[in-house]
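Asker: First the structure, then my questions, so here it is.
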Amino acid sequence: MEIPTKLNIGCGKDSKPGYYNVDLIKFDGVDKVLDLDKFPYDLPSDHFDEIYCKSVLQCVKNPTEVVSEFHRLLKKGGRLYFDVPHFSSKNCWKDITHRRGYAFHSFDIFMDNNFYVSGAKVSFSRMKRKLFFGKKYAIWNYLIEPLANKYPNLYEDTCLRALFPGLVLKIEFIK
């Protein structure tokens, strides 16, 4: 089987057509069973145009090494999309498999001017990030979300994070 150039990591039961679907458990639609805590991954280097990874990095032992592996798998110009729970979110801590939450600047270590500080082995050329808030029952979050994204340090370093907890942080890296 030829491996598609789109990778869906940690797909669970949400396999995506046109993607190479990978998970720790062999659900229907999973193309490859893979333990993200065992390196290197048995996947080709510089092969993927896109890696999609939803709600996985909070569960792994070494997220720095996992993101480094994703970098290895991406072609130059390839995109890595993932989301993680914000540390203020109840979703961060209600799942027993979660090892950590993330802050707005957690992934800065993978940018050219910061990666040497953390021991990260790779850097990406560009990053976009956005903190999302639950709005189903909290209509005030329509006002808080743009402010928290414009002033993330003010939001995270004050009681605002407790009064208006974030939900999920979405990241896009470009190799």
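A note on labels: chains of the structure tokens are A, B, ... as shown, every chain counts residues from 1, and ligands are counted from 1 in their shown order.
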Would you tabulate, counting only C-alpha atoms, all residues of range 6-124 of chain A that have an atom at most 8 Å from an atom of range 147-170 of chain A, showing the closest pair of atoms and their distance in Å to one decimal, sorted by chain then ascending number, as a Markdown table?
Answerer:
| residue | atom | partner | partner_atom | distance |
| --- | --- | --- | --- | --- |
| A:Tyr81 | CA | A:Lys170 | CA | 7.5 |
| A:Phe82 | CA | A:Lys170 | CA | 5.9 |
| A:Asp83 | CA | A:Lys170 | CA | 4.3 |
| A:Val84 | CA | A:Leu169 | CA | 5.4 |
| A:Pro85 | CA | A:Val168 | CA | 4.4 |
| A:His86 | CA | A:Val168 | CA | 5.1 |
| A:Phe87 | CA | A:Gly166 | CA | 7.8 |
| A:Ser88 | CA | A:Pro165 | CA | 5.1 |
| A:Ser89 | CA | A:Leu167 | CA | 5.0 |
| A:Lys90 | CA | A:Leu167 | CA | 7.8 |
| A:Asn91 | CA | A:Leu167 | CA | 7.3 |
| A:Tyr102 | CA | A:Leu169 | CA | 7.7 |
| A:Ala103 | CA | A:Glu156 | CA | 7.7 |
| A:Phe104 | CA | A:Pro152 | CA | 6.5 |
Asker: If you run DSSP on the backbone here, which positions in chain A get helix (DSSP H, G or I)? Please write them as a PyMOL selection string.
Answerer: chain A and resi 63-73+90-93+106-110+115-118+141-150+152-156+160-163
Asker: Write out as a PyMOL selection string which residues come within 9 Å of range 6-8 of chain A when counting only C-alpha atoms, dropping same-chain ones fewer than 5 positions away.
Answerer: chain A and resi 15-16+18-23+47-54
Asker: When you look at range 24-34 of chain A with a cut-off of 7 Å (counting only C-alpha atoms), what residues show up, excluding the ones that are within fewer than 6 positions of it in the same chain? I need them as a list in words.
Answerer: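 My reading of the contact set: Gly10, Gly12, Lys13 and Ser15 of chain A.
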Asker: One decimal, Å: what's the distance from CA of Tyr142 in chain A over to CA of Ser55 in chain A, could you say?
Answerer: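 Answer for the CA of Tyr142 in chain A to CA of Ser55 in chain A separation: 22.9 Å.
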Asker: For a quick check of understanding, using only C-alpha atoms, which of A:Ile144, A:Cys11, A:Phe70, A:Lys175 has the smallest distance to Phe132 in chain A?
Answerer: A:Ile144
Asker: How many Å lie between CA of Met127 in chain A and CA of Thr64 in chain A, rounded to one decimal?
Answerer: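 Value for the CA of Met127 in chain A-CA of Thr64 in chain A distance: 15.5 Å.
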Asker: Please compute the CA of Asp46 in chain A-CA of Leu74 in chain A distance, one decimal, in Å.
Answerer: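 Answer for the CA of Asp46 in chain A to CA of Leu74 in chain A separation: 4.8 Å.
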Asker: Residues of range 7-97 of chain A that approach range 120-126 of chain A to 9 Å or less, counting only C-alpha atoms: could you list each one with the shortest pair of atoms and its distance in Å to one decimal, rows by chain and increasing residue number, as JSON lines?
Answerer:
{"residue": "A:Thr64", "atom": "CA", "partner": "A:Ala120", "partner_atom": "CA", "distance": 6.3}
{"residue": "A:Glu65", "atom": "CA", "partner": "A:Ala120", "partner_atom": "CA", "distance": 7.6}
{"residue": "A:Val67", "atom": "CA", "partner": "A:Val122", "partner_atom": "CA", "distance": 8.6}
{"residue": "A:Ser68", "atom": "CA", "partner": "A:Val122", "partner_atom": "CA", "distance": 5.9}
{"residue": "A:His71", "atom": "CA", "partner": "A:Val122", "partner_atom": "CA", "distance": 7.1}
{"residue": "A:Arg72", "atom": "CA", "partner": "A:Val122", "partner_atom": "CA", "distance": 8.6}
{"residue": "A:Gly77", "atom": "CA", "partner": "A:Ser125", "partner_atom": "CA", "distance": 8.5}
Asker: Identify which of the residues A:Lys38, A:Tyr137, A:Cys59, A:Phe110 lies closest to Asp95 in chain A, counting only C-alpha atoms when measuring atom-to-atom distances.
Answerer: A:Cys59
Asker: Tell me, which residues of range 40-170 of chain A carry DSSP strand (DSSP E or B), written as number ranges by chain?
Answerer: A: 48-54, 74-86, 102, 111, 124, 126-132, 168-170
